[in-house]
Structure formats: C-alpha cells, structure tokens
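To be precise, the following lines are upload.pdb, and they hold PDB, C-alpha atoms.
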```
ATOM      1  CA  MET A   1      98.367 110.725  86.891
ATOM      2  CA  ILE A   2      99.504 107.308  87.946
ATOM      3  CA  LYS A   3      98.466 104.660  85.442
ATOM      4  CA  TRP A   4      96.662 101.378  85.972
ATOM      5  CA  GLN A   5      98.583  98.430  84.608
ATOM      6  CA  LEU A   6      98.230  94.662  84.446
ATOM      7  CA  GLY A   7     100.339  92.214  86.397
ATOM      8  CA  THR A   8     100.362  88.467  85.888
ATOM      9  CA  VAL A   9     100.182  86.135  88.865
ATOM     10  CA  VAL A  10     103.233  83.873  88.726
ATOM     11  CA  GLU A  11     103.016  82.252  92.155
ATOM     12  CA  LEU A  12     100.572  81.981  95.055
ATOM     13  CA  ARG A  13     102.053  81.112  98.421
ATOM     14  CA  PRO A  14      99.859  80.383 101.460
ATOM     15  CA  GLU A  15     101.285  82.097 104.557
ATOM     16  CA  THR A  16      98.623  81.232 107.143
ATOM     17  CA  PRO A  17      95.116  79.709 106.841
ATOM     18  CA  ARG A  18      93.737  83.175 105.957
ATOM     19  CA  VAL A  19      96.722  84.908 104.396
ATOM     20  CA  ALA A  20      98.509  84.367 101.096
ATOM     21  CA  SER A  21     101.287  86.042  99.165
ATOM     22  CA  LEU A  22     100.681  86.843  95.504
ATOM     23  CA  TYR A  23     103.815  87.048  93.364
ATOM     24  CA  LEU A  24     103.303  89.169  90.277
ATOM     25  CA  ASP A  25     105.171  89.820  87.103
ATOM     26  CA  VAL A  26     104.498  93.469  86.260
ATOM     27  CA  PRO A  27     106.022  94.621  82.963
ATOM     28  CA  ASP A  28     107.675  98.035  83.243
ATOM     29  CA  TRP A  29     107.359  98.110  87.021
ATOM     30  CA  PRO A  30     109.151 101.367  87.924
ATOM     31  CA  GLY A  31     110.535  99.982  91.198
ATOM     32  CA  HIS A  32     109.416 100.808  94.715
ATOM     33  CA  ARG A  33     110.643 101.694  98.183
ATOM     34  CA  ALA A  34     110.052  99.479 101.210
ATOM     35  CA  GLY A  35     106.767 100.449 102.876
ATOM     36  CA  GLN A  36     104.912 101.566  99.750
ATOM     37  CA  HIS A  37     101.665 100.003  98.551
ATOM     38  CA  VAL A  38      99.697  99.413  95.380
ATOM     39  CA  ASP A  39      96.040  99.966  94.636
ATOM     40  CA  VAL A  40      94.311  96.893  93.211
ATOM     41  CA  ARG A  41      91.176  97.308  91.092
ATOM     42  CA  LEU A  42      88.648  94.589  90.335
ATOM     43  CA  THR A  43      86.048  94.987  87.606
ATOM     44  CA  ALA A  44      82.890  92.863  87.602
ATOM     45  CA  ASP A  45      81.216  91.580  84.435
ATOM     46  CA  ASP A  46      78.648  94.393  84.687
ATOM     47  CA  GLY A  47      81.380  97.045  84.831
ATOM     48  CA  TYR A  48      81.200  97.667  88.604
ATOM     49  CA  GLN A  49      84.667  98.530  89.896
ATOM     50  CA  THR A  50      86.140  98.512  93.357
ATOM     51  CA  GLU A  51      89.634  99.330  94.632
ATOM     52  CA  ARG A  52      91.683  98.431  97.685
ATOM     53  CA  SER A  53      95.208  99.242  98.808
ATOM     54  CA  TYR A  54      97.666  96.452  99.593
ATOM     55  CA  SER A  55     101.147  96.851 100.992
ATOM     56  CA  ILE A  56     104.054  95.579  98.968
ATOM     57  CA  ALA A  57     105.790  92.696 100.754
ATOM     58  CA  SER A  58     108.767  92.228  98.455
ATOM     59  CA  ALA A  59     112.000  94.180  98.728
ATOM     60  CA  PRO A  60     112.902  96.711  96.062
ATOM     61  CA  GLU A  61     115.727  94.321  95.183
ATOM     62  CA  ASP A  62     113.367  91.395  94.460
ATOM     63  CA  ARG A  63     112.682  90.441  90.870
ATOM     64  CA  ARG A  64     108.956  89.899  91.372
ATOM     65  CA  LEU A  65     106.411  92.133  93.065
ATOM     66  CA  ALA A  66     104.826  90.424  96.063
ATOM     67  CA  LEU A  67     101.629  91.412  97.871
ATOM     68  CA  THR A  68     100.509  89.616 101.009
ATOM     69  CA  VAL A  69      96.753  89.677 101.502
ATOM     70  CA  GLU A  70      94.554  88.678 104.432
ATOM     71  CA  ARG A  71      91.218  87.164 103.438
ATOM     72  CA  LEU A  72      88.362  89.016 105.140
ATOM     73  CA  GLU A  73      85.213  86.931 104.751
ATOM     74  CA  ASP A  74      82.912  89.938 104.360
ATOM     75  CA  GLY A  75      85.359  91.766 102.118
ATOM     76  CA  GLU A  76      84.744  92.700  98.502
ATOM     77  CA  VAL A  77      88.243  92.176  97.139
ATOM     78  CA  SER A  78      90.318  89.982  99.449
ATOM     79  CA  PRO A  79      88.149  86.821  99.095
ATOM     80  CA  TYR A  80      88.840  87.016  95.362
ATOM     81  CA  LEU A  81      92.584  87.570  95.826
ATOM     82  CA  VAL A  82      92.880  84.803  98.436
ATOM     83  CA  GLY A  83      90.751  81.934  97.219
ATOM     84  CA  GLU A  84      89.776  82.549  93.616
ATOM     85  CA  LEU A  85      92.831  84.077  91.948
ATOM     86  CA  ARG A  86      94.999  81.516  90.117
ATOM     87  CA  VAL A  87      98.506  81.471  88.673
ATOM     88  CA  GLY A  88      98.378  82.955  85.181
ATOM     89  CA  ASP A  89      95.501  85.332  86.018
ATOM     90  CA  LYS A  90      95.916  89.040  85.365
ATOM     91  CA  LEU A  91      95.461  91.643  88.082
ATOM     92  CA  GLU A  92      94.905  95.366  87.534
ATOM     93  CA  LEU A  93      97.017  97.569  89.795
ATOM     94  CA  ARG A  94      98.695 100.946  90.057
ATOM     95  CA  GLY A  95     101.725 101.959  92.039
ATOM     96  CA  PRO A  96     103.979 102.234  93.803
ATOM     97  CA  ILE A  97     101.990 104.579  96.035
ATOM     98  CA  GLY A  98     102.951 106.445  99.197
ATOM     99  CA  GLY A  99     106.120 108.091 100.419
ATOM    100  CA  PHE A 100     105.590 108.768 104.120
ATOM    101  CA  PHE A 101     105.610 105.224 105.533
ATOM    102  CA  VAL A 102     108.850 104.322 103.801
ATOM    103  CA  TRP A 103     112.272 103.130 104.916
ATOM    104  CA  GLN A 104     115.375 103.134 102.738
ATOM    105  CA  ALA A 105     118.714 101.729 103.841
ATOM    106  CA  THR A 106     120.476 104.497 101.912
ATOM    107  CA  ASP A 107     118.672 107.368 103.690
ATOM    108  CA  ASP A 108     120.280 109.415 106.432
ATOM    109  CA  GLN A 109     117.576 108.172 108.783
ATOM    110  CA  ALA A 110     118.851 104.631 108.263
ATOM    111  CA  GLU A 111     121.706 105.359 110.671
ATOM    112  CA  ARG A 112     119.151 105.048 113.446
ATOM    113  CA  PRO A 113     118.147 101.715 114.915
ATOM    114  CA  LEU A 114     114.965 100.448 113.314
ATOM    115  CA  LEU A 115     112.048  99.473 115.543
ATOM    116  CA  LEU A 116     109.201  97.758 113.703
ATOM    117  CA  VAL A 117     105.904  97.076 115.468
ATOM    118  CA  ALA A 118     103.366  94.887 113.653
ATOM    119  CA  GLY A 119      99.804  93.891 114.424
ATOM    120  CA  GLY A 120      98.547  90.966 112.332
ATOM    121  CA  SER A 121      98.885  91.642 108.611
ATOM    122  CA  GLY A 122     100.476  94.977 109.518
ATOM    123  CA  ILE A 123     103.690  92.994 109.211
ATOM    124  CA  VAL A 124     103.518  93.194 105.396
ATOM    125  CA  PRO A 125     105.144  96.597 104.690
ATOM    126  CA  LEU A 126     107.552  95.966 107.598
ATOM    127  CA  MET A 127     108.583  92.687 105.942
ATOM    128  CA  SER A 128     109.457  94.644 102.816
ATOM    129  CA  MET A 129     111.711  96.786 105.031
ATOM    130  CA  LEU A 130     113.341  93.717 106.600
ATOM    131  CA  ARG A 131     113.865  92.058 103.208
ATOM    132  CA  HIS A 132     115.333  95.334 101.935
ATOM    133  CA  ARG A 133     117.596  95.557 104.997
ATOM    134  CA  ALA A 134     118.763  91.964 104.447
ATOM    135  CA  ALA A 135     119.795  92.872 100.900
ATOM    136  CA  ALA A 136     121.411  96.196 101.847
ATOM    137  CA  SER A 137     125.125  96.657 102.433
ATOM    138  CA  ARG A 138     124.523  98.984 105.382
ATOM    139  CA  LYS A 139     122.376  97.435 108.117
ATOM    140  CA  PRO A 140     121.332  99.382 111.204
ATOM    141  CA  PRO A 141     120.366  97.323 114.238
ATOM    142  CA  ALA A 142     116.726  96.317 113.881
ATOM    143  CA  CYS A 143     114.036  94.906 116.117
ATOM    144  CA  LEU A 144     110.647  93.507 115.115
ATOM    145  CA  LEU A 145     107.882  93.238 117.678
ATOM    146  CA  ASP A 146     105.155  91.190 115.995
ATOM    147  CA  SER A 147     101.726  90.709 117.564
ATOM    148  CA  SER A 148      99.466  87.930 116.259
ATOM    149  CA  ARG A 149      96.339  86.296 117.605
ATOM    150  CA  THR A 150      97.578  82.714 117.529
ATOM    151  CA  LEU A 151     100.732  80.896 116.443
ATOM    152  CA  GLU A 152      98.942  79.724 113.307
ATOM    153  CA  ASP A 153      98.281  83.380 112.412
ATOM    154  CA  VAL A 154     101.948  84.435 112.444
ATOM    155  CA  ILE A 155     102.796  85.539 108.901
ATOM    156  CA  TYR A 156     106.285  84.764 107.478
ATOM    157  CA  VAL A 157     107.164  82.821 110.646
ATOM    158  CA  GLN A 158     109.916  80.721 109.051
ATOM    159  CA  GLU A 159     111.461  83.500 106.998
ATOM    160  CA  LEU A 160     111.541  85.751 110.069
ATOM    161  CA  ALA A 161     113.347  83.021 111.999
ATOM    162  CA  ARG A 162     115.891  82.712 109.181
ATOM    163  CA  LEU A 163     116.438  86.479 109.013
ATOM    164  CA  ALA A 164     116.923  86.665 112.786
ATOM    165  CA  ALA A 165     119.355  83.731 112.685
ATOM    166  CA  ALA A 166     121.582  85.541 110.184
ATOM    167  CA  GLY A 167     123.251  87.314 113.114
ATOM    168  CA  ASP A 168     123.301  90.700 111.404
ATOM    169  CA  GLY A 169     121.745  92.723 114.200
ATOM    170  CA  LEU A 170     118.080  91.846 113.721
ATOM    171  CA  SER A 171     116.023  90.533 116.627
ATOM    172  CA  VAL A 172     112.494  89.181 116.136
ATOM    173  CA  HIS A 173     109.997  88.935 118.983
ATOM    174  CA  HIS A 174     106.532  87.455 118.700
ATOM    175  CA  THR A 175     103.621  87.919 121.034
ATOM    176  CA  LEU A 176     100.376  85.944 120.866
ATOM    177  CA  THR A 177      97.238  87.602 122.199
ATOM    178  CA  ARG A 178      94.744  84.731 122.050
ATOM    179  CA  GLU A 179      96.588  81.534 122.910
ATOM    180  CA  LYS A 180      99.605  80.091 124.675
ATOM    181  CA  PRO A 181     100.736  77.010 122.745
ATOM    182  CA  SER A 182     102.563  74.350 124.739
ATOM    183  CA  GLY A 183     106.290  74.930 124.646
ATOM    184  CA  TRP A 184     105.834  78.564 123.566
ATOM    185  CA  THR A 185     108.541  80.766 125.041
ATOM    186  CA  GLY A 186     107.473  84.081 123.491
ATOM    187  CA  TYR A 187     105.102  86.659 124.931
ATOM    188  CA  THR A 188     101.381  86.000 125.329
ATOM    189  CA  ARG A 189      99.865  89.426 125.884
ATOM    190  CA  ARG A 190      99.202  92.698 124.139
ATOM    191  CA  ILE A 191     102.220  94.897 123.544
ATOM    192  CA  ASP A 192     103.014  96.931 126.653
ATOM    193  CA  ALA A 193     105.783  99.116 128.060
ATOM    194  CA  ALA A 194     107.582  96.236 129.775
ATOM    195  CA  MET A 195     107.725  94.339 126.486
ATOM    196  CA  VAL A 196     109.120  97.319 124.573
ATOM    197  CA  GLU A 197     111.706  97.869 127.334
ATOM    198  CA  ASP A 198     112.681  94.183 127.086
ATOM    199  CA  VAL A 199     113.263  94.073 123.357
ATOM    200  CA  ALA A 200     113.940  97.580 122.026
ATOM    201  CA  TRP A 201     116.265 100.475 122.636
ATOM    202  CA  PRO A 202     115.814 103.252 125.159
ATOM    203  CA  LYS A 203     114.491 106.486 123.685
ATOM    204  CA  ASP A 204     117.997 107.980 123.840
ATOM    205  CA  ALA A 205     118.996 105.666 120.986
ATOM    206  CA  MET A 206     116.410 107.562 118.919
ATOM    207  CA  PRO A 207     115.161 104.630 116.880
ATOM    208  CA  ALA A 208     113.160 105.176 113.711
ATOM    209  CA  VAL A 209     109.830 103.509 114.531
ATOM    210  CA  PHE A 210     107.284 102.094 112.090
ATOM    211  CA  VAL A 211     103.969 100.812 113.429
ATOM    212  CA  CYS A 212     101.445  99.083 111.175
ATOM    213  CA  GLY A 213      98.254  97.166 111.850
ATOM    214  CA  PRO A 214      94.555  97.570 112.545
ATOM    215  CA  THR A 215      93.618 101.075 113.693
ATOM    216  CA  SER A 216      93.076 100.171 117.359
ATOM    217  CA  PHE A 217      96.424  98.352 117.488
ATOM    218  CA  VAL A 218      98.283 101.263 115.906
ATOM    219  CA  GLU A 219      96.646 103.841 118.188
ATOM    220  CA  ALA A 220      97.523 101.802 121.287
ATOM    221  CA  ALA A 221     101.113 101.128 120.228
ATOM    222  CA  ALA A 222     101.778 104.731 119.180
ATOM    223  CA  GLN A 223     100.320 106.087 122.433
ATOM    224  CA  LEU A 224     102.441 103.630 124.383
ATOM    225  CA  LEU A 225     105.653 104.681 122.618
ATOM    226  CA  VAL A 226     104.877 108.383 123.039
ATOM    227  CA  ALA A 227     104.158 107.784 126.741
ATOM    228  CA  MET A 228     107.586 106.099 126.938
ATOM    229  CA  ASP A 229     109.042 109.375 125.620
ATOM    230  CA  TYR A 230     109.962 108.189 122.140
ATOM    231  CA  ASP A 231     110.114 111.174 119.812
ATOM    232  CA  PRO A 232     106.730 111.377 118.000
ATOM    233  CA  ARG A 233     108.452 112.757 114.899
ATOM    234  CA  TRP A 234     110.284 109.452 114.550
ATOM    235  CA  ILE A 235     107.178 107.309 114.960
ATOM    236  CA  LYS A 236     105.469 106.642 111.648
ATOM    237  CA  THR A 237     102.184 104.805 111.578
ATOM    238  CA  GLU A 238      99.947 103.160 109.011
ATOM    239  CA  ARG A 239      96.406 102.047 109.852
ATOM    240  CA  PHE A 240      94.505  99.312 108.065
ATOM    241  CA  GLY A 241      91.144 100.150 109.651
ATOM    242  CA  ALA A 242      88.899  97.588 111.246
ATOM    243  CA  THR A 243      87.565  96.186 108.026
ATOM    244  CA  GLY A 244      88.489  96.862 104.481
ATOM    245  CA  GLY A 245      88.337  94.160 102.184
TER     246      GLY A 245
ATOM    247  CA  MET B   1      84.382 104.875 116.193
ATOM    248  CA  VAL B   2      88.139 104.767 116.501
ATOM    249  CA  ASP B   3      88.340 101.792 114.163
ATOM    250  CA  MET B   4      86.767 103.820 111.357
ATOM    251  CA  THR B   5      89.808 106.080 111.328
ATOM    252  CA  LEU B   6      92.486 105.614 108.713
ATOM    253  CA  ASP B   7      95.439 107.864 108.032
ATOM    254  CA  GLY B   8      96.832 109.813 105.123
ATOM    255  CA  ASN B   9      98.629 106.755 103.749
ATOM    256  CA  ALA B  10      95.218 105.376 102.785
ATOM    257  CA  ILE B  11      94.521 108.216 100.342
ATOM    258  CA  ALA B  12      97.975 108.358  98.763
ATOM    259  CA  GLY B  13      96.546 106.875  95.563
ATOM    260  CA  LEU B  14      93.555 109.237  95.492
ATOM    261  CA  LEU B  15      95.833 112.240  96.026
ATOM    262  CA  ARG B  16      98.071 111.049  93.181
ATOM    263  CA  GLU B  17      95.031 111.308  90.906
ATOM    264  CA  ILE B  18      94.668 114.976  91.846
ATOM    265  CA  PHE B  19      98.189 116.254  92.456
ATOM    266  CA  ALA B  20     101.203 115.759  90.219
ATOM    267  CA  MET B  21     103.363 114.766  93.216
ATOM    268  CA  GLU B  22     103.403 112.073  95.851
ATOM    269  CA  MET B  23     101.601 113.876  98.683
ATOM    270  CA  THR B  24     101.942 111.839 101.898
ATOM    271  CA  ASN B  25     105.216 113.614 102.741
ATOM    272  CA  ALA B  26     103.675 117.041 102.038
ATOM    273  CA  LEU B  27     103.264 119.284 105.086
ATOM    274  CA  GLY B  28      99.759 120.567 105.696
ATOM    275  CA  THR B  29      98.969 123.501 108.000
ATOM    276  CA  CYS B  30      95.609 123.257 109.756
ATOM    277  CA  GLY B  31      93.446 126.284 109.058
ATOM    278  CA  SER B  32      91.997 126.103 112.553
ATOM    279  CA  CYS B  33      94.775 125.295 115.059
ATOM    280  CA  GLY B  34      97.828 125.904 112.899
ATOM    281  CA  ALA B  35      99.340 122.475 113.561
ATOM    282  CA  VAL B  36     101.681 121.305 110.802
ATOM    283  CA  ASN B  37     101.602 117.600 109.982
ATOM    284  CA  GLU B  38     102.699 115.400 107.126
ATOM    285  CA  VAL B  39      99.719 114.296 105.070
ATOM    286  CA  GLY B  40     100.676 110.717 106.056
ATOM    287  CA  ARG B  41      99.738 111.594 109.653
ATOM    288  CA  VAL B  42      96.279 113.121 109.079
ATOM    289  CA  GLU B  43      93.066 111.347 110.079
ATOM    290  CA  VAL B  44      91.091 109.960 107.164
ATOM    291  CA  TYR B  45      87.478 108.786 107.084
ATOM    292  CA  VAL B  46      86.477 106.951 103.946
ATOM    293  CA  HIS B  47      83.062 105.750 105.145
ATOM    294  CA  ALA B  48      81.494 109.187 104.816
ATOM    295  CA  PRO B  49      80.108 110.086 101.394
ATOM    296  CA  GLY B  50      83.463 110.787  99.830
ATOM    297  CA  THR B  51      86.640 111.141 101.851
ATOM    298  CA  VAL B  52      86.962 113.388 104.890
ATOM    299  CA  VAL B  53      90.414 114.402 106.143
ATOM    300  CA  ARG B  54      90.801 115.794 109.653
ATOM    301  CA  CYS B  55      93.646 117.445 111.555
ATOM    302  CA  PRO B  56      95.287 114.886 113.907
ATOM    303  CA  SER B  57      95.837 117.669 116.459
ATOM    304  CA  CYS B  58      92.377 119.313 116.673
ATOM    305  CA  GLU B  59      90.110 117.205 114.386
ATOM    306  CA  HIS B  60      89.163 120.232 112.283
ATOM    307  CA  VAL B  61      88.130 119.175 108.747
ATOM    308  CA  LEU B  62      91.090 119.817 106.438
ATOM    309  CA  MET B  63      89.830 118.395 103.156
ATOM    310  CA  ARG B  64      86.775 116.816 101.616
ATOM    311  CA  ILE B  65      87.151 114.891  98.402
ATOM    312  CA  VAL B  66      84.258 113.381  96.480
ATOM    313  CA  ARG B  67      84.727 111.416  93.291
ATOM    314  CA  GLY B  68      81.799 110.274  91.212
ATOM    315  CA  ARG B  69      79.940 110.541  87.929
ATOM    316  CA  GLY B  70      83.258 111.183  86.202
ATOM    317  CA  LYS B  71      84.090 114.230  88.351
ATOM    318  CA  TYR B  72      85.989 115.301  91.447
ATOM    319  CA  TRP B  73      84.763 117.787  94.044
ATOM    320  CA  ILE B  74      87.605 118.972  96.285
ATOM    321  CA  ASP B  75      87.163 121.237  99.315
ATOM    322  CA  LEU B  76      90.545 122.333 100.676
ATOM    323  CA  SER B  77      89.196 125.259 102.697
ATOM    324  CA  GLY B  78      90.403 123.756 106.005
ATOM    325  CA  VAL B  79      94.055 123.688 104.938
ATOM    326  CA  ARG B  80      95.917 126.970 105.261
ATOM    327  CA  CYS B  81      98.960 125.761 103.363
ATOM    328  CA  LEU B  82     100.307 122.651 101.659
ATOM    329  CA  GLU B  83     104.081 122.484 101.293
ATOM    330  CA  PHE B  84     105.856 119.873  99.206
ATOM    331  CA  ALA B  85     109.097 119.421  97.336
ATOM    332  CA  GLU B  86     109.413 119.805  93.601
ATOM    333  CA  ALA B  87     109.719 116.473  91.844
TER     334      ALA B  87
END
```
Could you express the structure from this file as structure tokens?
Amino acid sequence: MIKWQLGTVVELRPETPRVASLYLDVPDWPGHRAGQHVDVRLTADDGYQTERSYSIASAPEDRRLALTVERLEDGEVSPYLVGELRVGDKLELRGPIGGFFVWQATDDQAERPLLLVAGGSGIVPLMSMLRHRAAASRKPPACLLDSSRTLEDVIYVQELARLAAAGDGLSVHHTLTREKPSGWTGYTRRIDAAMVEDVAWPKDAMPAVFVCGPTSFVEAAAQLLVAMDYDPRWIKTERFGATGG
Amino acid sequence: MVDMTLDGNAIAGLLREIFAMEMTNALGTCGSCGAVNEVGRVEVYVHAPGTVVRCPSCEHVLMRIVRGRGKYWIDLSGVRCLEFAEA
C-alpha cells in the first residue's frame, strides 16, 4: 500500500493566468521517473475528502518536487491549489504513481528519437521528460509539438525556449488554436499530418511517442500518428479527461 | 461521450491500493476478444458509480472497482489474465 504523506509548499510560480507550479519539499520522497504523477488529497473541516491526480513536472534530478496545476473554475481541488494555497502550507499526497507513461534516459528505449505531443496542460509530464533529458548524459534527438489555445496559455514558454536554444538536439514547436498574435511565426491550427511531417521524424526512425492532454486531443493525435503509420506500440498516451478538477 | 474516457494511467493510484505492484505496465488479456494490452492503455470511466475499465480493442468490461464505506468491491471477471513482473 502506498502511503499518504505531507509535503510543504516552498514556492508558488505562476506559469500562465490559469496555471501555476507548486514546488514542494517532501521528506523521504523516494524519487520518481519522468512521466509519473502523484495523487493529492484534500480534507474539508467536516472530514469530506477528495483526491485528484497531478503529473510531476520536475525532473528526477531536481531537489524539489514540482507539480503544475491548471485552475478549473468548476473544479473541486484545482481552485484551492491555484489561488488559495500559500507558501508554508502542507499538502497531502502519495506517489510516485504510474509506470506506463514513463521515459527514462537510461532505458534501452531511450536510443529512439523522442516525439512529445502536448495539448494544453498535457505538457506537464512531458516537461519532466525534457528536464530529465537536459540533465542526462545521453540525449536522444527530441521534438516537442505543443498545442495551446493562445500565446498567453503556453506553459513554460521561456524555459522551453532556453532548452531548445541549448543546441543539444531538441526542437520545440508551438501551435496556437484560438489566436494568431501579430508577429507570430509558429503554427495556428490543430495538429495535423503536415505539421507532424514538418517537425518530426518519418516512421522509419521509430520514435518513442508520448501524447498527453485532454481526451479529445489525445484521441485525435494518436489516431493521426497511427494513420501516418507510426507503430502503435511506441505511442503512449495519457488522457486528462474533459474536466477533472 | 468521448471526453468522459480516461485511460489506465488514471487508476494507477487506485490499483496500487489493491495490488502490491505498480500495475499500469501489467498486461491484461480481454476475456471477450483476447486482445492483450498494457493496463495503461485500457479505457477507464470514473463517472459511473465506481470505476469501470473497458478493453480498448472491443470495449468489453474488464474490471469494475467500487470503493466505499471502508470496503472495496472488485469484479475482475472480464479479464482472462493479468501478467506482471515480480518487484
């Protein structure tokens, strides 16, 4: 049985108007792999409890555990985490959880190019992978295709630019589905075959693919990649659902 | 309806309450169509009373898990076999 434990919030960092990263000090954290998540449990004064899963954003190499949370106005948990939680507060969590949607630079699979496809806050576990890759001695070529509604909604925009500028084989491509800001040179449409052909490898390169985002986004992206003849066994997906909380 | 669907990653924590191992890499054989998929790839519905897990190939119900009143009720009759590595 995996135990609940308390973490202390040591930093809150706004990422977009609706998204923030929570940096936690968790005593005896057993370590994690990039792509895993934690379950967070809130308990009300009357004893009512509710749980949600949040992807870990930090790399295994990072000293502090970071979660990045999108505030959903009708949610039960996220409006507390993004809006009410303060530095010094305690948060009940258990983890790390999951083992399927995981990428490790030391695995045999890490020889393959890494294609990461993110919809909105689906970037979070993929960012853990990119931070892990940046810290790893062995770096396969990597490509991030990141779909956001507007420029203001792009999570980690500056850090992604820095990682891409390191010149270590990572390319980062943004697409905006709801606006075209003046001077914007990136894509402004939903992810499609032409976009994947532009930025990623042909199927013969057999990339390891990770797709994360809202359910409809993940279904569309996975179907697209399968239709482009990417090997389904090498496409791993994680769905957030339409709501959550 | 498609947006109600989650996948096996979403119940990794719940399955860790029940099984001694991390289960999303376990291979499950569908009792109806025989498809073998990692638990991370199955379809999961958490809006039903309890959690319903369906085969991603044929949508047959693989598992039903209900937790409440201090108990678990687990119906695994739709899974022919679960295969996973020793810790």
Two-atom distance - CA of Arg33 in chain A, CA of Trp103 in chain A (Å): 7.1 Å
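For the choices A:Tyr187, A:Phe100, A:Trp29, A:Trp4, the atom-to-atom distance to Glu51 in chain A is smallest for A:Trp4 when using only C-alpha atoms.
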Residue IDs satisfying the ChimeraX specification (/B :<6) & /A, as a PyMOL selection string: chain A and resi 1+97-100+215-216+239+241-242
Residues selected by the PyMOL selection byres ((chain A and resi 121) around 10), written as a PyMOL selection string: chain A and resi 19+55+68-70+118-120+122-126+146-148+153-155+212-214+240
Please, could you write that set of residues out with C-alpha atoms as a PDB file, in the frame of the given file?
```
ATOM      1  CA  VAL A  19      96.722  84.908 104.396  1.00  0.00           C
ATOM      2  CA  SER A  55     101.147  96.851 100.992  1.00  0.00           C
ATOM      3  CA  THR A  68     100.509  89.616 101.009  1.00  0.00           C
ATOM      4  CA  VAL A  69      96.753  89.677 101.502  1.00  0.00           C
ATOM      5  CA  GLU A  70      94.554  88.678 104.432  1.00  0.00           C
ATOM      6  CA  ALA A 118     103.366  94.887 113.653  1.00  0.00           C
ATOM      7  CA  GLY A 119      99.804  93.891 114.424  1.00  0.00           C
ATOM      8  CA  GLY A 120      98.547  90.966 112.332  1.00  0.00           C
ATOM      9  CA  GLY A 122     100.476  94.977 109.518  1.00  0.00           C
ATOM     10  CA  ILE A 123     103.690  92.994 109.211  1.00  0.00           C
ATOM     11  CA  VAL A 124     103.518  93.194 105.396  1.00  0.00           C
ATOM     12  CA  PRO A 125     105.144  96.597 104.690  1.00  0.00           C
ATOM     13  CA  LEU A 126     107.552  95.966 107.598  1.00  0.00           C
ATOM     14  CA  ASP A 146     105.155  91.190 115.995  1.00  0.00           C
ATOM     15  CA  SER A 147     101.726  90.709 117.564  1.00  0.00           C
ATOM     16  CA  SER A 148      99.466  87.930 116.259  1.00  0.00           C
ATOM     17  CA  ASP A 153      98.281  83.380 112.412  1.00  0.00           C
ATOM     18  CA  VAL A 154     101.948  84.435 112.444  1.00  0.00           C
ATOM     19  CA  ILE A 155     102.796  85.539 108.901  1.00  0.00           C
ATOM     20  CA  CYS A 212     101.445  99.083 111.175  1.00  0.00           C
ATOM     21  CA  GLY A 213      98.254  97.166 111.850  1.00  0.00           C
ATOM     22  CA  PRO A 214      94.555  97.570 112.545  1.00  0.00           C
ATOM     23  CA  PHE A 240      94.505  99.312 108.065  1.00  0.00           C
TER      24      PHE A 240
END
```
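For the structure in this document, the set picked by the PyMOL selection byres ((chain B and resi 53-66) around 6) is Val42, Glu43, Val44, Gly50, Thr51, Val52, Arg67, Tyr72, Trp73, Ile74, Asp75, Leu76, Gly78 and Val79 of chain B.
The smallest atom-to-atom distance between Asp198 in chain A and any of A:Val157, A:Ala136, A:Leu81, A:Leu145, using only C-alpha atoms, is found for A:Leu145.
For the pair CA of Pro27 in chain A and CA of Leu6 in chain A, the separation is 7.9 Å.
Note that the spacing between CA of Leu130 in chain A and CA of Thr150 in chain A amounts to 22.1 Å.
The closest residue to Arg86 in chain A, picked from A:Lys203, A:Arg13, A:Arg178, A:Arg162 and counting only C-alpha atoms, is A:Arg13.
With distances restricted to all atoms listed in the file, A:Val102 is the closest residue to Ile235 in chain A from A:Leu91, A:Ala165, A:Val102, A:Val10.
Candidate residues A:Thr50, A:Gln223, A:Ser128, A:Ser171 were compared for distance to Ala142 in chain A, and the nearest is A:Ser171, using only C-alpha atoms.
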